[in-house]
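entry.tsv follows (TSV, C-alpha atoms and all ligand atoms):
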chain	number	residue	atom	x	y	z
B	17	MET	CA	0.00	0.00	0.00
B	18	SER	CA	2.93	2.31	0.56
B	19	ASN	CA	4.82	2.23	-2.68
B	20	GLU	CA	2.34	3.78	-5.07
B	21	ILE	CA	2.73	7.05	-3.19
B	22	LEU	CA	6.51	6.78	-3.09
B	23	GLU	CA	6.97	6.16	-6.81
B	24	SER	CA	9.35	8.67	-8.26
B	25	ASP	CA	6.76	10.28	-10.54
B	26	MET	CA	4.62	11.02	-7.48
B	27	ARG	CA	7.56	12.32	-5.41
B	28	ASN	CA	7.99	15.23	-7.78
B	29	LYS	CA	4.34	16.26	-7.79
B	30	PRO	CA	3.09	19.21	-5.76
B	31	PHE	CA	1.85	18.55	-2.24
B	32	GLY	CA	-1.85	18.88	-3.16
B	33	THR	CA	-1.55	16.19	-5.83
B	34	ARG	CA	0.37	13.88	-3.50
B	35	LEU	CA	-2.18	14.48	-0.74
B	36	ARG	CA	-5.12	13.57	-2.98
B	37	ALA	CA	-3.31	10.39	-4.13
B	38	ALA	CA	-2.47	9.39	-0.56
B	39	MET	CA	-6.04	9.92	0.65
B	40	ASP	CA	-7.42	8.02	-2.33
B	41	ALA	CA	-5.07	5.11	-1.56
B	42	ARG	CA	-5.35	4.95	2.22
B	43	GLY	CA	-8.43	6.95	3.19
B	44	PRO	CA	-8.61	10.56	4.38
B	45	LEU	CA	-7.63	10.13	8.05
B	46	CYS	CA	-4.79	12.23	9.44
B	47	VAL	CA	-3.45	10.86	12.72
B	48	GLY	CA	-2.13	13.54	15.04
B	49	ILE	CA	0.94	12.51	17.03
B	50	ASP	CA	0.54	14.42	20.29
B	51	PRO	CA	2.60	12.73	23.01
B	52	HIS	CA	0.83	14.34	25.97
B	53	GLN	CA	2.24	13.55	29.39
B	54	HIS	CA	-1.03	11.78	30.34
B	55	LEU	CA	-0.77	9.57	27.24
B	56	LEU	CA	2.83	8.58	28.03
B	57	ASP	CA	1.54	7.70	31.48
B	58	SER	CA	-1.39	5.64	30.17
B	59	TRP	CA	1.00	3.78	27.84
B	60	GLY	CA	3.15	2.93	30.91
B	61	LEU	CA	6.00	5.15	29.72
B	62	PRO	CA	8.10	7.65	31.69
B	63	ASP	CA	7.83	11.39	30.96
B	64	THR	CA	11.34	11.45	29.48
B	65	VAL	CA	12.84	11.63	26.02
B	66	GLU	CA	13.11	7.81	26.07
B	67	GLY	CA	9.38	7.59	26.86
B	68	LEU	CA	8.66	10.09	24.08
B	69	ALA	CA	10.69	7.99	21.61
B	70	SER	CA	8.94	4.72	22.57
B	71	PHE	CA	5.54	6.35	22.25
B	72	THR	CA	6.27	8.04	18.93
B	73	TYR	CA	7.94	5.07	17.27
B	74	GLY	CA	5.13	2.84	18.59
B	75	VAL	CA	2.66	4.98	16.63
B	76	VAL	CA	4.94	5.03	13.58
B	77	ASP	CA	5.50	1.24	13.58
B	78	ALA	CA	1.79	0.51	13.98
B	79	LEU	CA	0.37	2.99	11.47
B	80	ALA	CA	2.97	4.33	9.02
B	81	ASP	CA	2.09	1.91	6.21
B	82	ARG	CA	-1.71	2.27	6.47
B	83	VAL	CA	-2.57	5.89	7.27
B	84	ALA	CA	-2.27	8.59	4.58
B	85	VAL	CA	-1.29	11.58	6.69
B	86	PHE	CA	0.29	12.23	10.09
B	87	LYS	CA	0.39	15.51	11.99
B	88	PRO	CA	3.02	15.50	14.73
B	89	GLN	CA	2.45	18.34	17.19
B	90	SER	CA	5.84	20.03	17.53
B	91	ALA	CA	5.14	21.38	21.04
B	92	PHE	CA	5.16	17.92	22.59
B	93	PHE	CA	8.59	17.21	21.06
B	94	GLU	CA	10.07	20.65	21.81
B	95	ARG	CA	9.09	20.05	25.45
B	96	PHE	CA	12.08	17.69	25.66
B	97	GLY	CA	14.58	20.05	23.98
B	98	SER	CA	17.02	18.86	21.32
B	99	GLY	CA	16.44	15.18	22.21
B	100	GLY	CA	12.73	15.60	21.59
B	101	VAL	CA	13.27	17.41	18.30
B	102	ALA	CA	15.56	14.54	17.21
B	103	VAL	CA	12.66	12.13	17.81
B	104	LEU	CA	10.42	14.35	15.65
B	105	GLU	CA	13.07	14.33	12.89
B	106	GLN	CA	13.41	10.53	12.98
B	107	ALA	CA	9.66	9.96	13.08
B	108	THR	CA	9.15	12.26	10.11
B	109	ILE	CA	11.80	10.42	8.10
B	110	ARG	CA	10.33	6.99	8.94
B	111	LEU	CA	6.76	8.04	8.16
B	112	ARG	CA	7.74	9.46	4.79
B	113	GLU	CA	9.80	6.36	3.94
B	114	ALA	CA	6.65	4.30	4.56
B	115	GLY	CA	4.75	6.39	2.02
B	116	ALA	CA	2.82	8.59	4.45
B	117	LEU	CA	2.68	12.38	4.24
B	118	VAL	CA	3.74	14.45	7.24
B	119	ILE	CA	2.26	17.80	8.24
B	120	ILE	CA	4.29	19.27	11.09
B	121	ASP	CA	1.97	21.28	13.31
B	122	ALA	CA	4.29	24.06	14.51
B	123	LYS	CA	2.07	27.07	13.64
B	124	ARG	CA	5.07	29.16	12.63
B	125	GLY	CA	4.63	32.81	11.70
B	126	ASP	CA	7.13	35.69	11.45
B	127	ILE	CA	8.43	38.26	9.02
B	128	GLY	CA	10.94	38.39	6.17
B	129	THR	CA	14.11	36.41	6.57
B	130	THR	CA	12.94	34.92	9.89
B	131	MET	CA	9.94	33.38	8.13
B	132	ALA	CA	12.34	32.23	5.42
B	133	GLY	CA	14.40	30.52	8.13
B	134	TYR	CA	11.38	28.55	9.34
B	135	ALA	CA	10.49	27.69	5.75
B	136	SER	CA	13.93	26.34	4.99
B	137	ALA	CA	13.98	24.27	8.22
B	138	TYR	CA	10.67	22.52	7.49
B	139	LEU	CA	9.94	22.75	3.78
B	140	SER	CA	13.24	22.54	1.91
B	141	GLU	CA	14.11	18.89	1.16
B	142	LYS	CA	17.57	19.69	2.56
B	143	GLY	CA	16.10	21.09	5.79
B	144	PRO	CA	16.65	19.18	9.06
B	145	LEU	CA	12.90	18.76	9.61
B	146	ALA	CA	11.89	18.35	5.96
B	147	CYS	CA	8.22	17.43	5.87
B	148	ASP	CA	5.39	17.59	3.35
B	149	ALA	CA	3.54	20.56	4.83
B	150	LEU	CA	3.72	22.96	7.75
B	151	THR	CA	1.01	24.77	9.72
B	152	VAL	CA	1.58	28.53	9.74
B	153	SER	CA	-0.02	31.52	11.44
B	154	PRO	CA	-1.15	34.51	9.33
B	155	TYR	CA	-1.51	36.99	12.20
B	156	LEU	CA	1.49	39.05	11.10
B	157	GLY	CA	-0.41	39.59	7.84
B	158	PHE	CA	-1.09	37.06	5.05
B	159	GLY	CA	1.73	38.65	3.03
B	160	SER	CA	4.22	37.84	5.80
B	161	LEU	CA	3.85	34.19	4.74
B	162	GLN	CA	5.36	34.90	1.30
B	163	PRO	CA	8.81	33.38	2.08
B	164	ALA	CA	7.08	30.15	3.15
B	165	ILE	CA	4.86	30.23	0.07
B	166	ASP	CA	7.96	30.65	-2.14
B	167	GLU	CA	9.80	27.80	-0.40
B	168	ALA	CA	6.72	25.53	-0.62
B	169	LEU	CA	6.41	26.20	-4.36
B	170	GLU	CA	10.12	25.51	-4.86
B	171	ALA	CA	10.07	22.28	-2.82
B	172	GLY	CA	6.66	20.95	-3.91
B	173	ALA	CA	5.53	21.22	-0.28
B	174	GLY	CA	2.35	22.60	1.25
B	175	LEU	CA	1.17	25.02	3.91
B	176	PHE	CA	-1.86	25.00	6.17
B	177	VAL	CA	-2.79	28.50	7.27
B	178	LEU	CA	-4.87	29.05	10.42
B	179	ALA	CA	-8.29	30.33	9.34
B	180	LEU	CA	-11.14	29.18	11.61
B	181	THR	CA	-9.48	27.30	14.44
B	182	SER	CA	-11.19	24.75	16.64
B	183	ASN	CA	-10.72	26.58	19.95
B	184	PRO	CA	-13.48	28.79	21.39
B	185	GLU	CA	-11.18	31.86	21.55
B	186	GLY	CA	-10.59	31.82	17.77
B	187	PRO	CA	-13.53	34.00	16.67
B	188	GLN	CA	-12.30	36.97	18.76
B	189	PHE	CA	-9.74	37.69	16.03
B	190	GLN	CA	-10.84	35.46	13.16
B	191	SER	CA	-14.35	36.99	12.92
B	192	ALA	CA	-13.07	40.58	13.19
B	193	ARG	CA	-13.52	42.72	10.07
B	194	THR	CA	-10.58	43.90	7.99
B	195	ALA	CA	-10.44	47.30	6.25
B	196	ASP	CA	-12.11	45.88	3.10
B	197	GLY	CA	-15.04	44.49	5.08
B	198	SER	CA	-14.14	40.80	4.89
B	199	THR	CA	-13.42	38.92	8.10
B	200	VAL	CA	-9.86	38.02	9.02
B	201	ALA	CA	-10.70	34.37	8.28
B	202	GLY	CA	-12.30	35.41	4.99
B	203	ALA	CA	-9.14	37.32	4.01
B	204	VAL	CA	-7.04	34.21	4.74
B	205	LEU	CA	-9.38	32.02	2.67
B	206	ASN	CA	-9.30	34.54	-0.20
B	207	GLY	CA	-5.49	34.54	-0.13
B	208	LEU	CA	-5.45	30.75	-0.31
B	209	ARG	CA	-8.03	30.66	-3.12
B	210	GLU	CA	-5.76	32.92	-5.18
B	211	LEU	CA	-2.72	30.73	-4.49
B	212	ASN	CA	-4.62	27.60	-5.58
B	213	ALA	CA	-6.32	29.16	-8.60
B	214	ASP	CA	-4.25	27.28	-11.19
B	215	ALA	CA	-4.19	23.89	-9.46
B	216	ASP	CA	-5.90	21.10	-11.41
B	217	ASP	CA	-7.44	19.09	-8.62
B	218	LEU	CA	-6.23	20.03	-5.17
B	219	GLY	CA	-3.90	22.97	-4.58
B	220	SER	CA	-1.06	22.84	-2.08
B	221	PHE	CA	-2.15	25.77	0.08
B	222	GLY	CA	-4.64	24.70	2.70
B	223	ALA	CA	-6.62	26.20	5.56
B	224	VAL	CA	-7.03	25.01	9.13
B	225	VAL	CA	-10.75	24.91	9.88
B	226	GLY	CA	-11.84	23.23	13.09
B	227	ALA	CA	-14.48	20.50	13.02
B	228	THR	CA	-15.89	22.09	16.17
B	229	ILE	CA	-17.08	25.37	14.62
B	230	SER	CA	-20.81	24.85	14.32
B	231	SER	CA	-21.08	26.36	10.83
B	232	THR	CA	-19.65	29.31	8.94
B	233	ASP	CA	-20.75	31.85	6.37
B	234	GLU	CA	-17.22	31.85	4.91
B	235	ASP	CA	-16.64	30.31	1.48
B	236	LEU	CA	-14.50	27.24	2.14
B	237	ASN	CA	-14.12	26.39	-1.56
B	238	ILE	CA	-10.46	27.35	-1.91
B	239	ASN	CA	-9.45	24.56	-4.32
B	240	GLY	CA	-7.12	23.40	-1.58
B	241	PRO	CA	-7.11	21.07	1.42
B	242	LEU	CA	-8.98	21.89	4.63
B	243	LEU	CA	-7.24	20.47	7.68
B	244	ALA	CA	-9.92	19.75	10.27
B	245	PRO	CA	-8.69	19.22	13.82
B	246	GLY	CA	-11.14	19.09	16.71
B	247	LEU	CA	-12.47	15.59	16.04
B	248	GLY	CA	-12.83	13.10	18.86
B	249	ALA	CA	-11.46	14.56	22.09
B	250	GLN	CA	-12.65	18.11	21.28
B	251	GLY	CA	-16.16	16.90	20.42
B	252	GLY	CA	-16.21	17.03	16.60
B	253	THR	CA	-17.71	14.00	14.82
B	254	ALA	CA	-17.91	12.69	11.26
B	255	ASP	CA	-21.38	14.26	11.03
B	256	SER	CA	-19.97	17.66	12.03
B	257	LEU	CA	-17.83	17.59	8.89
B	258	THR	CA	-20.87	17.70	6.59
B	259	LYS	CA	-22.38	20.57	8.59
B	260	VAL	CA	-19.21	22.65	8.77
B	261	PHE	CA	-17.78	22.05	5.30
B	262	GLY	CA	-20.86	21.70	3.08
B	263	THR	CA	-19.89	21.56	-0.59
B	264	ALA	CA	-16.18	21.68	0.27
B	265	VAL	CA	-16.30	18.46	2.30
B	266	ARG	CA	-14.41	16.41	-0.30
B	267	ASN	CA	-11.27	18.47	0.39
B	268	VAL	CA	-11.30	17.91	4.15
B	269	VAL	CA	-8.36	16.22	5.86
B	270	PRO	CA	-9.91	15.02	9.13
B	271	SER	CA	-7.32	15.07	11.90
B	272	SER	CA	-7.59	13.24	15.19
B	273	SER	CA	-4.95	12.77	17.87
B	274	ARG	CA	-6.03	11.73	21.39
B	275	GLU	CA	-9.00	9.71	20.08
B	276	ILE	CA	-6.61	7.37	18.24
B	277	LEU	CA	-3.54	7.54	20.51
B	278	GLY	CA	-5.59	6.64	23.58
B	279	ALA	CA	-6.07	3.15	22.11
B	280	GLY	CA	-2.32	2.35	22.47
B	281	PRO	CA	0.17	1.02	23.26
B	282	ASP	CA	-1.09	-2.21	21.67
B	283	ALA	CA	-0.37	-1.97	17.92
B	284	THR	CA	-3.51	-3.87	16.90
B	285	ALA	CA	-5.68	-1.65	19.08
B	286	LEU	CA	-4.11	1.44	17.48
B	287	GLN	CA	-4.69	0.00	14.02
B	288	ASP	CA	-8.32	-0.81	14.85
B	289	ALA	CA	-8.93	2.70	16.22
B	290	ALA	CA	-7.40	4.27	13.10
B	291	ALA	CA	-9.38	1.95	10.79
B	292	ARG	CA	-12.66	2.79	12.57
B	293	ALA	CA	-12.03	6.53	12.30
B	294	ASN	CA	-10.88	6.24	8.68
B	295	ASP	CA	-14.05	4.29	7.75
B	296	ALA	CA	-16.30	6.86	9.44
B	297	TYR	CA	-14.64	9.78	7.63
B	298	ARG	CA	-14.44	7.89	4.33
B	299	ALA	CA	-18.21	7.46	4.33
B	300	VAL	CA	-18.89	11.14	4.98
B	301	LEU	CA	-16.22	12.55	2.65
B	302	GLY	CA	-17.15	10.29	-0.26
B	303	TYR	CA	-13.99	8.12	-0.50
B	401	LIG	O1	-7.55	24.84	15.28
B	401	LIG	C1	-6.74	23.99	15.67
B	401	LIG	C2	-5.46	23.90	15.17
B	401	LIG	C3	-4.66	22.89	15.62
B	401	LIG	N1	-5.07	22.01	16.54
B	401	LIG	C4	-4.13	20.95	16.96
B	401	LIG	O2	-4.67	19.68	16.58
B	401	LIG	C5	-4.44	18.73	17.62
B	401	LIG	C6	-5.77	18.27	18.19
B	401	LIG	O3	-5.61	17.18	19.06
B	401	LIG	P1	-6.84	16.28	19.57
B	401	LIG	O4	-6.23	15.38	20.59
B	401	LIG	O5	-7.37	15.51	18.38
B	401	LIG	O6	-7.85	17.21	20.14
B	401	LIG	C7	-3.54	19.41	18.63
B	401	LIG	O7	-2.20	19.18	18.24
B	401	LIG	C8	-3.87	20.88	18.45
B	401	LIG	O8	-2.80	21.75	18.78
B	401	LIG	C9	-6.34	22.09	17.04
B	401	LIG	O9	-6.78	21.29	17.89
B	401	LIG	N2	-7.15	23.10	16.58
Write out the structure in this file as structure tokens.
Amino acid sequence: MSNEILESDMRNKPFGTRLRAAMDARGPLCVGIDPHQHLLDSWGLPDTVEGLASFTYGVVDALADRVAVFKPQSAFFERFGSGGVAVLEQATIRLREAGALVIIDAKRGDIGTTMAGYASAYLSEKGPLACDALTVSPYLGFGSLQPAIDEALEAGAGLFVLALTSNPEGPQFQSARTADGSTVAGAVLNGLRELNADADDLGSFGAVVGATISSTDEDLNINGPLLAPGLGAQGGTADSLTKVFGTAVRNVVPSSSREILGAGPDATALQDAAARANDAYRAVLGY
């Protein structure tokens, strides 16, 4: 199941094309790798870098060849300093070797050459944390993301820009009106729509839209992927996806972390949890 995505012709395709192929082959589920302290504890592991490594590689070994997309949460690796970041690097390499795509959830955002520094760390194939896509924050202005957009285009990588996040505090800024009358979220979605305008099927520039927002008046048809965290532990369900995403539901990448990870450490239990979630989302998203 892994090799069709790894074939050299696919390797050189833009992120959006590779993402569609991976979801077609393995189902739409994105498994979040969030090694919370309470999860290490429930897996019988110590809250140390060794515990982090056992947890992370346990997820990788169980799921890398059957799940399309993984979203490691950088914060839980950074918590352990350089040793933790080394685990993130290794996990990313192993997942990609098994044909999965990796979105590192680091929500980076800065200006000019600093943003370019983040972009080269995560998006350039020569970067130490080279992955398929990175989450980024647009709150220094959508245009501040340009160095990451340029690097993503150069590397065939993708970006997921925060638009309508799953947390209840999000609307305070995201629903605010900009000078041209659109909301902040609407301005982000417009920016992404422009970036994806020439993409054939799925563009490489995605939005983060939580599965927990009850509904939205924003146009989510951006011809790009819609990363939907908030499923499972935060209360979002497969049915919420139809309500939130409407006609854009086919482009949703449903992401779930604690709901799946809580089934470990047994590999079969992790695989069953991922298969159940994948089947539920497949049915709703039309795969
Ligand atoms: O709007 C957002 C953006 C990112 N996240 C991240 O997704 C996971 C959710 O974990 P669960 O255990 O499935 O709740 C976590 O890494 C968040 O930082 C989000 O939840 N909402």
Selection within 9 Å of ligand LIG 401 (chain B) by only C-alpha atoms and all ligand atoms, output as number ranges by chain: B: 47-50, 52, 87-92, 121-123, 151, 178-183, 186, 224-228, 243-251, 271-277
For B:Phe93, the nearest of the candidates B:Gly174, B:Gly74, B:Pro51, B:Gly128, counting only C-alpha atoms: B:Pro51
Residues within 9 Å of (3.3, 18.1, 4.5), file coords, only C-alpha atoms, listed as a PyMOL selection string: chain B and resi 31+35+85-87+117-120+139+146-151+173-176
Atomic distance atom CA of B:Leu161 - atom CA of B:Glu105, expressed in Å with one decimal: 23.4 Å
Test item: residues at most 12 Å from B:Asp166, only C-alpha atoms, excluding those fewer than 2 positions along its chain, as a ChimeraX atom specification: /B:128,131-132,135-136,139-140,159-164,168-175,211,220-221
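With distances restricted to all atoms listed in the file, B:Leu145 is the closest residue to B:Val101 from B:Leu145, B:Leu61, B:Val76, B:Leu301.
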For B:Thr64: contacts at 10 Å, all atoms listed in the file, fewer than 5 positions along chain excluded, given as a ChimeraX atom specification: /B:53,56,69-70,95-96,99-100
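Minimum atom-to-atom distance to B:Val260, evaluated using only C-alpha atoms, belongs to B:Ser230 out of B:Ser230, B:Asn206, B:Asn212, B:Thr194.
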